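Source file final-v8.tsv; content: TSV, N, CA, C and O atoms and all ligand atoms.
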chain	number	residue	atom	x	y	z
A	1	MET	N	0.83	-1.21	0.00
A	1	MET	CA	0.00	0.00	0.00
A	1	MET	C	0.86	1.25	0.00
A	1	MET	O	0.58	2.21	-0.69
A	2	GLN	N	1.91	1.21	0.80
A	2	GLN	CA	2.77	2.38	0.96
A	2	GLN	C	3.39	2.78	-0.38
A	2	GLN	O	3.52	3.96	-0.69
A	3	ALA	N	3.76	1.77	-1.18
A	3	ALA	CA	4.47	2.03	-2.44
A	3	ALA	C	3.53	2.14	-3.63
A	3	ALA	O	3.98	2.44	-4.74
A	4	SER	N	2.24	1.92	-3.43
A	4	SER	CA	1.31	1.94	-4.56
A	4	SER	C	1.25	3.33	-5.20
A	4	SER	O	1.28	4.36	-4.51
A	5	SER	N	1.12	3.35	-6.53
A	5	SER	CA	0.97	4.65	-7.20
A	5	SER	C	-0.49	5.10	-7.19
A	5	SER	O	-0.80	6.21	-7.62
A	6	SER	N	-1.39	4.23	-6.73
A	6	SER	CA	-2.82	4.60	-6.61
A	6	SER	C	-3.10	5.08	-5.19
A	6	SER	O	-2.65	4.46	-4.23
A	7	PRO	N	-3.88	6.15	-5.08
A	7	PRO	CA	-4.25	6.61	-3.74
A	7	PRO	C	-5.05	5.54	-3.00
A	7	PRO	O	-5.98	4.94	-3.57
A	8	ILE	N	-4.71	5.30	-1.75
A	8	ILE	CA	-5.42	4.30	-0.93
A	8	ILE	C	-5.79	4.94	0.41
A	8	ILE	O	-4.95	5.63	1.02
A	9	ILE	N	-7.05	4.71	0.81
A	9	ILE	CA	-7.54	5.17	2.11
A	9	ILE	C	-8.07	3.95	2.84
A	9	ILE	O	-8.81	3.16	2.26
A	10	LEU	N	-7.73	3.80	4.10
A	10	LEU	CA	-8.39	2.78	4.93
A	10	LEU	C	-9.24	3.52	5.96
A	10	LEU	O	-8.78	4.52	6.55
A	11	VAL	N	-10.47	3.03	6.15
A	11	VAL	CA	-11.33	3.61	7.18
A	11	VAL	C	-11.70	2.52	8.18
A	11	VAL	O	-11.68	1.34	7.85
A	12	ASP	N	-12.04	2.95	9.39
A	12	ASP	CA	-12.49	2.01	10.42
A	12	ASP	C	-14.00	1.90	10.31
A	12	ASP	O	-14.74	2.75	10.79
A	13	ALA	N	-14.45	0.82	9.66
A	13	ALA	CA	-15.89	0.66	9.37
A	13	ALA	C	-16.69	0.36	10.64
A	13	ALA	O	-17.91	0.46	10.63
A	14	LEU	N	-16.00	-0.02	11.72
A	14	LEU	CA	-16.72	-0.37	12.95
A	14	LEU	C	-16.89	0.83	13.87
A	14	LEU	O	-17.59	0.76	14.87
A	15	HIS	N	-16.21	1.90	13.52
A	15	HIS	CA	-16.22	3.09	14.38
A	15	HIS	C	-17.29	4.06	13.87
A	15	HIS	O	-17.55	4.13	12.67
A	16	ASP	N	-17.87	4.84	14.78
A	16	ASP	CA	-18.86	5.86	14.41
A	16	ASP	C	-18.32	6.74	13.29
A	16	ASP	O	-17.21	7.28	13.41
A	17	ASP	N	-19.08	6.90	12.24
A	17	ASP	CA	-18.78	7.78	11.11
A	17	ASP	C	-17.51	7.38	10.36
A	17	ASP	O	-16.97	8.18	9.59
A	18	GLN	N	-17.04	6.19	10.56
A	18	GLN	CA	-16.01	5.59	9.73
A	18	GLN	C	-14.82	6.51	9.46
A	18	GLN	O	-14.56	6.93	8.33
A	19	PRO	N	-14.04	6.82	10.50
A	19	PRO	CA	-12.90	7.73	10.30
A	19	PRO	C	-11.78	7.07	9.49
A	19	PRO	O	-11.59	5.85	9.53
A	20	ILE	N	-11.05	7.91	8.79
A	20	ILE	CA	-9.86	7.44	8.06
A	20	ILE	C	-8.81	7.03	9.08
A	20	ILE	O	-8.54	7.75	10.06
A	21	ILE	N	-8.21	5.86	8.85
A	21	ILE	CA	-7.15	5.40	9.77
A	21	ILE	C	-5.79	5.30	9.06
A	21	ILE	O	-4.77	5.15	9.71
A	22	TYR	N	-5.81	5.37	7.72
A	22	TYR	CA	-4.54	5.29	6.99
A	22	TYR	C	-4.73	5.92	5.62
A	22	TYR	O	-5.78	5.71	4.98
A	23	VAL	N	-3.76	6.68	5.16
A	23	VAL	CA	-3.70	7.10	3.75
A	23	VAL	C	-2.27	6.85	3.28
A	23	VAL	O	-1.32	6.97	4.07
A	24	ASN	N	-2.12	6.50	2.02
A	24	ASN	CA	-0.76	6.23	1.52
A	24	ASN	C	-0.16	7.50	0.88
A	24	ASN	O	-0.86	8.51	0.68
A	25	PRO	N	1.13	7.47	0.57
A	25	PRO	CA	1.76	8.65	-0.03
A	25	PRO	C	1.10	9.10	-1.33
A	25	PRO	O	1.04	10.30	-1.62
A	26	ALA	N	0.57	8.15	-2.13
A	26	ALA	CA	-0.10	8.53	-3.38
A	26	ALA	C	-1.36	9.36	-3.08
A	26	ALA	O	-1.69	10.28	-3.83
A	27	PHE	N	-2.05	9.04	-2.00
A	27	PHE	CA	-3.20	9.85	-1.58
A	27	PHE	C	-2.74	11.26	-1.22
A	27	PHE	O	-3.35	12.25	-1.62
A	28	GLU	N	-1.64	11.35	-0.50
A	28	GLU	CA	-1.14	12.67	-0.09
A	28	GLU	C	-0.78	13.50	-1.32
A	28	GLU	O	-1.05	14.70	-1.37
A	29	ARG	N	-0.17	12.85	-2.31
A	29	ARG	CA	0.21	13.57	-3.54
A	29	ARG	C	-1.03	14.00	-4.31
A	29	ARG	O	-1.12	15.12	-4.81
A	30	ALA	N	-2.04	13.11	-4.42
A	30	ALA	CA	-3.23	13.39	-5.23
A	30	ALA	C	-4.09	14.48	-4.61
A	30	ALA	O	-4.70	15.27	-5.33
A	31	THR	N	-4.17	14.51	-3.28
A	31	THR	CA	-5.12	15.43	-2.62
A	31	THR	C	-4.43	16.65	-2.02
A	31	THR	O	-5.12	17.60	-1.63
A	32	GLN	N	-3.13	16.58	-1.85
A	32	GLN	CA	-2.34	17.63	-1.18
A	32	GLN	C	-2.57	17.67	0.33
A	32	GLN	O	-2.09	18.57	1.00
A	33	TYR	N	-3.33	16.70	0.86
A	33	TYR	CA	-3.51	16.61	2.31
A	33	TYR	C	-2.51	15.62	2.87
A	33	TYR	O	-2.39	14.49	2.37
A	34	GLY	N	-1.80	16.02	3.93
A	34	GLY	CA	-0.92	15.09	4.61
A	34	GLY	C	-1.73	14.10	5.43
A	34	GLY	O	-2.88	14.38	5.79
A	35	ALA	N	-1.11	12.97	5.74
A	35	ALA	CA	-1.81	11.93	6.52
A	35	ALA	C	-2.37	12.51	7.82
A	35	ALA	O	-3.50	12.20	8.21
A	36	GLU	N	-1.59	13.38	8.46
A	36	GLU	CA	-2.03	13.91	9.76
A	36	GLU	C	-3.27	14.80	9.61
A	36	GLU	O	-3.99	15.01	10.58
A	37	GLU	N	-3.51	15.32	8.40
A	37	GLU	CA	-4.70	16.16	8.18
A	37	GLU	C	-5.92	15.32	7.83
A	37	GLU	O	-7.05	15.80	7.93
A	38	ALA	N	-5.69	14.10	7.37
A	38	ALA	CA	-6.80	13.26	6.91
A	38	ALA	C	-7.25	12.25	7.98
A	38	ALA	O	-8.45	11.99	8.12
A	39	ILE	N	-6.30	11.73	8.73
A	39	ILE	CA	-6.63	10.67	9.69
A	39	ILE	C	-7.56	11.21	10.77
A	39	ILE	O	-7.36	12.31	11.30
A	40	GLY	N	-8.60	10.44	11.04
A	40	GLY	CA	-9.60	10.82	12.04
A	40	GLY	C	-10.83	11.48	11.44
A	40	GLY	O	-11.84	11.64	12.12
A	41	ARG	N	-10.74	11.87	10.16
A	41	ARG	CA	-11.89	12.52	9.52
A	41	ARG	C	-12.64	11.52	8.66
A	41	ARG	O	-12.07	10.53	8.20
A	42	ASN	N	-13.91	11.79	8.39
A	42	ASN	CA	-14.64	11.00	7.40
A	42	ASN	C	-14.20	11.46	6.01
A	42	ASN	O	-13.94	12.65	5.79
A	43	CYS	N	-14.20	10.52	5.06
A	43	CYS	CA	-13.74	10.84	3.69
A	43	CYS	C	-14.56	11.94	3.02
A	43	CYS	O	-14.10	12.53	2.03
A	44	ARG	N	-15.75	12.22	3.54
A	44	ARG	CA	-16.57	13.23	2.86
A	44	ARG	C	-15.91	14.61	2.90
A	44	ARG	O	-16.33	15.50	2.18
A	45	PHE	N	-14.89	14.80	3.71
A	45	PHE	CA	-14.24	16.12	3.72
A	45	PHE	C	-13.61	16.42	2.37
A	45	PHE	O	-13.33	17.57	2.05
A	46	LEU	N	-13.39	15.38	1.54
A	46	LEU	CA	-12.81	15.57	0.21
A	46	LEU	C	-13.83	16.02	-0.83
A	46	LEU	O	-13.47	16.45	-1.92
A	47	ARG	N	-15.09	15.88	-0.49
A	47	ARG	CA	-16.15	16.13	-1.47
A	47	ARG	C	-16.08	17.55	-2.03
A	47	ARG	O	-15.90	18.51	-1.29
A	48	ASP	N	-16.30	17.64	-3.33
A	48	ASP	CA	-16.43	18.95	-3.97
A	48	ASP	C	-17.87	19.42	-3.75
A	48	ASP	O	-18.80	18.84	-4.30
A	49	PRO	N	-18.07	20.48	-2.94
A	49	PRO	CA	-19.44	20.89	-2.62
A	49	PRO	C	-20.23	21.36	-3.84
A	49	PRO	O	-21.46	21.38	-3.81
A	50	ALA	N	-19.54	21.72	-4.90
A	50	ALA	CA	-20.24	22.17	-6.11
A	50	ALA	C	-20.66	21.00	-7.00
A	50	ALA	O	-21.32	21.20	-8.01
A	51	SER	N	-20.29	19.81	-6.62
A	51	SER	CA	-20.57	18.66	-7.50
A	51	SER	C	-22.02	18.21	-7.37
A	51	SER	O	-22.70	18.54	-6.41
A	52	ASN	N	-22.44	17.47	-8.35
A	52	ASN	CA	-23.81	16.95	-8.34
A	52	ASN	C	-23.73	15.43	-8.45
A	52	ASN	O	-24.15	14.84	-9.43
A	53	ASP	N	-23.19	14.83	-7.40
A	53	ASP	CA	-22.89	13.40	-7.42
A	53	ASP	C	-23.91	12.58	-6.64
A	53	ASP	O	-23.61	11.47	-6.22
A	54	GLU	N	-25.10	13.13	-6.41
A	54	GLU	CA	-26.01	12.48	-5.45
A	54	GLU	C	-26.37	11.04	-5.82
A	54	GLU	O	-26.46	10.18	-4.95
A	55	ALA	N	-26.55	10.77	-7.10
A	55	ALA	CA	-26.91	9.40	-7.49
A	55	ALA	C	-25.76	8.43	-7.16
A	55	ALA	O	-25.98	7.35	-6.60
A	56	GLU	N	-24.55	8.86	-7.47
A	56	GLU	CA	-23.38	8.02	-7.16
A	56	GLU	C	-23.23	7.87	-5.64
A	56	GLU	O	-22.91	6.81	-5.13
A	57	ARG	N	-23.43	8.98	-4.95
A	57	ARG	CA	-23.27	8.95	-3.49
A	57	ARG	C	-24.33	8.04	-2.85
A	57	ARG	O	-24.05	7.32	-1.89
A	58	ASP	N	-25.53	8.04	-3.41
A	58	ASP	CA	-26.58	7.14	-2.90
A	58	ASP	C	-26.16	5.68	-3.10
A	58	ASP	O	-26.39	4.84	-2.24
A	59	ARG	N	-25.58	5.40	-4.27
A	59	ARG	CA	-25.12	4.03	-4.52
A	59	ARG	C	-24.05	3.65	-3.51
A	59	ARG	O	-24.01	2.54	-2.99
A	60	LEU	N	-23.18	4.61	-3.21
A	60	LEU	CA	-22.12	4.35	-2.24
A	60	LEU	C	-22.71	4.14	-0.84
A	60	LEU	O	-22.33	3.20	-0.13
A	61	ARG	N	-23.65	4.99	-0.44
A	61	ARG	CA	-24.28	4.84	0.88
A	61	ARG	C	-24.90	3.45	1.02
A	61	ARG	O	-24.75	2.80	2.05
A	62	THR	N	-25.61	3.03	-0.03
A	62	THR	CA	-26.25	1.71	0.02
A	62	THR	C	-25.19	0.61	0.15
A	62	THR	O	-25.32	-0.29	0.98
A	63	ALA	N	-24.13	0.72	-0.64
A	63	ALA	CA	-23.08	-0.31	-0.59
A	63	ALA	C	-22.44	-0.37	0.80
A	63	ALA	O	-22.17	-1.45	1.32
A	64	LEU	N	-22.25	0.79	1.40
A	64	LEU	CA	-21.64	0.81	2.73
A	64	LEU	C	-22.60	0.22	3.76
A	64	LEU	O	-22.19	-0.51	4.66
A	65	ARG	N	-23.90	0.50	3.57
A	65	ARG	CA	-24.88	-0.01	4.53
A	65	ARG	C	-24.99	-1.53	4.46
A	65	ARG	O	-25.03	-2.19	5.48
A	66	VAL	N	-25.03	-2.06	3.25
A	66	VAL	CA	-25.21	-3.51	3.12
A	66	VAL	C	-23.86	-4.23	2.98
A	66	VAL	O	-23.81	-5.43	2.77
A	67	GLN	N	-22.80	-3.47	3.10
A	67	GLN	CA	-21.44	-4.02	3.14
A	67	GLN	C	-21.10	-4.84	1.89
A	67	GLN	O	-20.64	-5.97	1.98
A	68	THR	N	-21.39	-4.23	0.73
A	68	THR	CA	-20.96	-4.84	-0.52
A	68	THR	C	-19.88	-3.95	-1.14
A	68	THR	O	-19.72	-2.79	-0.76
A	69	LYS	N	-19.18	-4.52	-2.12
A	69	LYS	CA	-18.20	-3.72	-2.86
A	69	LYS	C	-18.92	-2.71	-3.74
A	69	LYS	O	-20.06	-2.94	-4.14
A	70	ALA	N	-18.25	-1.62	-4.05
A	70	ALA	CA	-18.86	-0.63	-4.95
A	70	ALA	C	-17.76	0.12	-5.70
A	70	ALA	O	-16.67	0.32	-5.17
A	71	THR	N	-18.07	0.51	-6.92
A	71	THR	CA	-17.21	1.42	-7.68
A	71	THR	C	-18.07	2.61	-8.07
A	71	THR	O	-19.11	2.45	-8.71
A	72	VAL	N	-17.67	3.80	-7.63
A	72	VAL	CA	-18.46	5.01	-7.92
A	72	VAL	C	-17.52	6.11	-8.41
A	72	VAL	O	-16.31	6.09	-8.13
A	73	LEU	N	-18.10	7.06	-9.13
A	73	LEU	CA	-17.34	8.23	-9.61
A	73	LEU	C	-17.78	9.45	-8.80
A	73	LEU	O	-18.95	9.83	-8.83
A	74	LEU	N	-16.83	10.05	-8.09
A	74	LEU	CA	-17.15	11.22	-7.27
A	74	LEU	C	-16.20	12.36	-7.61
A	74	LEU	O	-15.03	12.12	-7.93
A	75	HIS	N	-16.70	13.59	-7.51
A	75	HIS	CA	-15.84	14.76	-7.67
A	75	HIS	C	-15.28	15.13	-6.30
A	75	HIS	O	-16.04	15.39	-5.37
A	76	ASN	N	-13.98	15.15	-6.22
A	76	ASN	CA	-13.29	15.53	-4.99
A	76	ASN	C	-12.58	16.86	-5.17
A	76	ASN	O	-12.36	17.31	-6.29
A	77	ARG	N	-12.16	17.40	-4.05
A	77	ARG	CA	-11.43	18.68	-4.06
A	77	ARG	C	-10.09	18.51	-3.36
A	77	ARG	O	-10.02	17.94	-2.27
A	78	ARG	N	-9.06	19.02	-3.99
A	78	ARG	CA	-7.74	19.02	-3.35
A	78	ARG	C	-7.68	20.13	-2.31
A	78	ARG	O	-8.55	21.01	-2.27
A	79	LYS	N	-6.61	20.13	-1.56
A	79	LYS	CA	-6.44	21.16	-0.52
A	79	LYS	C	-6.42	22.56	-1.13
A	79	LYS	O	-6.91	23.52	-0.53
A	80	ASP	N	-5.88	22.69	-2.34
A	80	ASP	CA	-5.82	24.03	-2.96
A	80	ASP	C	-7.14	24.43	-3.62
A	80	ASP	O	-7.23	25.49	-4.24
A	81	GLY	N	-8.18	23.59	-3.49
A	81	GLY	CA	-9.50	23.92	-4.01
A	81	GLY	C	-9.76	23.40	-5.41
A	81	GLY	O	-10.91	23.44	-5.88
A	82	SER	N	-8.73	22.91	-6.10
A	82	SER	CA	-8.96	22.36	-7.44
A	82	SER	C	-9.68	21.02	-7.31
A	82	SER	O	-9.58	20.33	-6.28
A	83	THR	N	-10.42	20.67	-8.35
A	83	THR	CA	-11.24	19.46	-8.27
A	83	THR	C	-10.69	18.37	-9.18
A	83	THR	O	-9.97	18.64	-10.14
A	84	PHE	N	-11.04	17.15	-8.85
A	84	PHE	CA	-10.67	16.02	-9.70
A	84	PHE	C	-11.72	14.94	-9.56
A	84	PHE	O	-12.38	14.81	-8.53
A	85	LEU	N	-11.88	14.21	-10.68
A	85	LEU	CA	-12.84	13.12	-10.69
A	85	LEU	C	-12.14	11.87	-10.16
A	85	LEU	O	-11.04	11.54	-10.60
A	86	CYS	N	-12.79	11.22	-9.23
A	86	CYS	CA	-12.16	10.10	-8.54
A	86	CYS	C	-13.00	8.84	-8.76
A	86	CYS	O	-14.19	8.84	-8.46
A	87	GLU	N	-12.38	7.80	-9.31
A	87	GLU	CA	-13.07	6.50	-9.34
A	87	GLU	C	-12.74	5.80	-8.03
A	87	GLU	O	-11.59	5.48	-7.75
A	88	LEU	N	-13.78	5.60	-7.26
A	88	LEU	CA	-13.61	5.06	-5.91
A	88	LEU	C	-14.00	3.59	-5.90
A	88	LEU	O	-15.14	3.25	-6.23
A	89	ASN	N	-13.06	2.74	-5.55
A	89	ASN	CA	-13.35	1.31	-5.40
A	89	ASN	C	-13.36	1.00	-3.92
A	89	ASN	O	-12.32	1.07	-3.26
A	90	VAL	N	-14.53	0.68	-3.41
A	90	VAL	CA	-14.67	0.40	-1.98
A	90	VAL	C	-14.74	-1.10	-1.78
A	90	VAL	O	-15.54	-1.80	-2.42
A	91	THR	N	-13.90	-1.59	-0.91
A	91	THR	CA	-13.90	-3.03	-0.61
A	91	THR	C	-13.65	-3.23	0.88
A	91	THR	O	-13.27	-2.29	1.58
A	92	ARG	N	-13.90	-4.42	1.37
A	92	ARG	CA	-13.65	-4.71	2.78
A	92	ARG	C	-12.36	-5.50	2.91
A	92	ARG	O	-12.03	-6.30	2.05
A	93	CYS	N	-11.63	-5.25	3.97
A	93	CYS	CA	-10.43	-6.08	4.19
A	93	CYS	C	-10.26	-6.35	5.68
A	93	CYS	O	-11.01	-5.85	6.48
B	1	LIG	C1	-13.03	3.87	1.78
B	1	LIG	C2	-13.94	5.06	1.52
B	1	LIG	C3	-13.47	6.10	0.73
B	1	LIG	C4	-14.28	7.21	0.47
B	1	LIG	N1	-13.78	8.21	-0.29
B	1	LIG	C5	-14.55	9.30	-0.55
B	1	LIG	C6	-14.03	10.36	-1.32
B	1	LIG	O1	-12.91	10.31	-1.82
B	1	LIG	N2	-14.83	11.44	-1.52
B	1	LIG	C7	-16.08	11.53	-0.99
B	1	LIG	O2	-16.76	12.54	-1.19
B	1	LIG	N3	-16.61	10.52	-0.26
B	1	LIG	C8	-15.86	9.42	-0.02
B	1	LIG	N4	-16.38	8.39	0.72
B	1	LIG	C9	-17.78	8.48	1.17
B	1	LIG	C10	-17.97	9.24	2.44
B	1	LIG	O3	-17.12	8.77	3.47
B	1	LIG	C11	-19.43	9.09	2.92
B	1	LIG	O4	-19.66	7.75	3.22
B	1	LIG	C12	-20.43	9.53	1.88
B	1	LIG	O5	-20.16	10.85	1.47
B	1	LIG	C13	-21.82	9.48	2.47
B	1	LIG	O6	-21.87	10.30	3.60
B	1	LIG	P1	-23.07	11.33	3.77
B	1	LIG	O7	-24.30	10.47	3.87
B	1	LIG	O8	-22.78	12.10	5.02
B	1	LIG	O9	-23.06	12.19	2.53
B	1	LIG	C14	-15.59	7.26	0.98
B	1	LIG	C15	-16.06	6.22	1.79
B	1	LIG	C16	-15.25	5.13	2.05
B	1	LIG	C17	-15.77	4.02	2.92
Could you express the structure from this file as structure tokens?
Ligand SMILES: Cc1cc2nc3c(=O)[nH]c(=O)nc-3n(C[C@H](O)[C@H](O)[C@H](O)COP(=O)(O)O)c2cc1C
Amino acid sequence: MQASSSPIILVDALHDDQPIIYVNPAFERATQYGAEEAIGRNCRFLRDPASNDEAERDRLRTALRVQTKATVLLHNRRKDGSTFLCELNVTRC
């Protein structure tokens, strides 16, 4: 995970509001947020508030609720405010 060129986030699915517990260096490069700024927060802090991703987000909410895998496309925002489209693959480990 540490050496992966793909951004990786681990969250604690058993904890209230599923806080981030790990991000890899590729995540830090892609989002401009350091691990210390991301850990402990819910991933929604990355959301681009101007985006209109509700259908994708609903699919993600359902997948998280019933604990299935999901692939969704969400618009995220970097620390500098620029946005990027993120293909999110959610899985359990
Ligand atoms: C592993 C994982 C990664 C996630 N990554 C993002 C992300 O990059 N951007 C985002 O907006 N939401 C992401 N989410 C979804 C949010 O954490 C949250 O579940 C979603 O926005 C629904 O929350 P809400 O009902 O408060 O809107 C991720 C969720 C998980 C489990």
Would you compute, for all listed atoms of ligand LIG 1 (chain B), the axis-aligned bounding box grown by 4 Å on each side, and then report its centre and edge lengths in Å rounded to one decimal, as AutoDock Vina command-line options?
--center_x -18.6 --center_y 8.2 --center_z 1.6 --size_x 19.4 --size_y 16.7 --size_z 14.8
Nearest to ligand LIG 1 (chain B) by atom-to-atom distance, counting all atoms listed in the file, from A:Asn76, A:Asn52, A:Thr68, A:Gln2: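 That would be A:Asn76, the residue with the smallest distance to ligand LIG 1 (chain B).
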DSSP-assigned strand (DSSP E) among chain A, expressed as number ranges by chain: A: 9-11, 20-23, 70-77, 83-90
Ligand LIG 1 (chain B) neighbours within 6 Å using only N, CA, C and O atoms and all ligand atoms, as an NGL selection string: :A and (9-11 or 18 or 42-48 or 57 or 61 or 75-76 or 89-90)
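Across the model, the gap from atom N of A:Ala3 to atom O of A:Ala26 is 10.4 Å.
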What are the closest atom pairs, with distances in Å to one decimal, for each residue of stretch 11-80 of chain A lying within 8 Å of stretch 84-87 of chain A, using only C-alpha atoms, rows by chain and rising residue number, as a tab-separated table?
residue	atom	partner	partner_atom	distance
A:Thr71	CA	A:Glu87	CA	6.8
A:Val72	CA	A:Glu87	CA	5.8
A:Leu73	CA	A:Glu87	CA	4.6
A:Leu74	CA	A:Cys86	CA	5.3
A:His75	CA	A:Leu85	CA	4.6
A:Asn76	CA	A:Phe84	CA	5.4
A:Arg77	CA	A:Phe84	CA	6.3
A:Arg78	CA	A:Phe84	CA	7.6
All heavy atoms are what I want for stretch 19-27 of chain A; can you complete it accordingly and write them as a CSV table (one decimal), in the coordinates of the input?
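What ended up in selection_36.csv:
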chain,number,residue,atom,x,y,z
A,19,PRO,N,-14.0,6.8,10.5
A,19,PRO,CA,-12.9,7.7,10.3
A,19,PRO,C,-11.8,7.1,9.5
A,19,PRO,O,-11.6,5.8,9.5
A,19,PRO,CB,-12.4,8.0,11.7
A,19,PRO,CG,-12.9,6.8,12.5
A,19,PRO,CD,-14.2,6.4,11.9
A,20,ILE,N,-11.0,7.9,8.8
A,20,ILE,CA,-9.9,7.4,8.1
A,20,ILE,C,-8.8,7.0,9.1
A,20,ILE,O,-8.5,7.8,10.1
A,20,ILE,CB,-9.3,8.6,7.2
A,20,ILE,CG1,-10.3,9.0,6.1
A,20,ILE,CG2,-8.0,8.2,6.5
A,20,ILE,CD1,-10.0,10.2,5.3
A,21,ILE,N,-8.2,5.9,8.8
A,21,ILE,CA,-7.2,5.4,9.8
A,21,ILE,C,-5.8,5.3,9.1
A,21,ILE,O,-4.8,5.2,9.7
A,21,ILE,CB,-7.5,4.1,10.5
A,21,ILE,CG1,-7.8,3.0,9.4
A,21,ILE,CG2,-8.6,4.2,11.4
A,21,ILE,CD1,-8.0,1.6,10.0
A,22,TYR,N,-5.8,5.4,7.7
A,22,TYR,CA,-4.5,5.3,7.0
A,22,TYR,C,-4.7,5.9,5.6
A,22,TYR,O,-5.8,5.7,5.0
A,22,TYR,CB,-4.1,3.8,6.8
A,22,TYR,CG,-2.9,3.7,5.9
A,22,TYR,CD1,-1.6,3.9,6.3
A,22,TYR,CD2,-3.1,3.3,4.5
A,22,TYR,CE1,-0.6,3.8,5.4
A,22,TYR,CE2,-2.1,3.2,3.6
A,22,TYR,CZ,-0.8,3.4,4.1
A,22,TYR,OH,0.3,3.3,3.2
A,23,VAL,N,-3.8,6.7,5.2
A,23,VAL,CA,-3.7,7.1,3.8
A,23,VAL,C,-2.3,6.8,3.3
A,23,VAL,O,-1.3,7.0,4.1
A,23,VAL,CB,-4.1,8.6,3.5
A,23,VAL,CG1,-5.5,8.9,4.0
A,23,VAL,CG2,-3.1,9.5,4.2
A,24,ASN,N,-2.1,6.5,2.0
A,24,ASN,CA,-0.8,6.2,1.5
A,24,ASN,C,-0.2,7.5,0.9
A,24,ASN,O,-0.9,8.5,0.7
A,24,ASN,CB,-0.8,5.0,0.6
A,24,ASN,CG,-1.4,5.3,-0.8
A,24,ASN,OD1,-2.1,6.3,-0.9
A,24,ASN,ND2,-1.3,4.4,-1.7
A,25,PRO,N,1.1,7.5,0.6
A,25,PRO,CA,1.8,8.6,0.0
A,25,PRO,C,1.1,9.1,-1.3
A,25,PRO,O,1.0,10.3,-1.6
A,25,PRO,CB,3.2,8.2,-0.2
A,25,PRO,CG,3.4,7.2,0.8
A,25,PRO,CD,2.1,6.4,0.9
A,26,ALA,N,0.6,8.2,-2.1
A,26,ALA,CA,-0.1,8.5,-3.4
A,26,ALA,C,-1.4,9.4,-3.1
A,26,ALA,O,-1.7,10.3,-3.8
A,26,ALA,CB,-0.4,7.3,-4.2
A,27,PHE,N,-2.0,9.0,-2.0
A,27,PHE,CA,-3.2,9.8,-1.6
A,27,PHE,C,-2.7,11.3,-1.2
A,27,PHE,O,-3.4,12.2,-1.6
A,27,PHE,CB,-3.9,9.2,-0.4
A,27,PHE,CG,-4.9,10.1,0.3
A,27,PHE,CD1,-6.3,10.0,-0.1
A,27,PHE,CD2,-4.6,11.0,1.2
A,27,PHE,CE1,-7.2,10.8,0.5
A,27,PHE,CE2,-5.5,11.9,1.8
A,27,PHE,CZ,-6.8,11.8,1.4
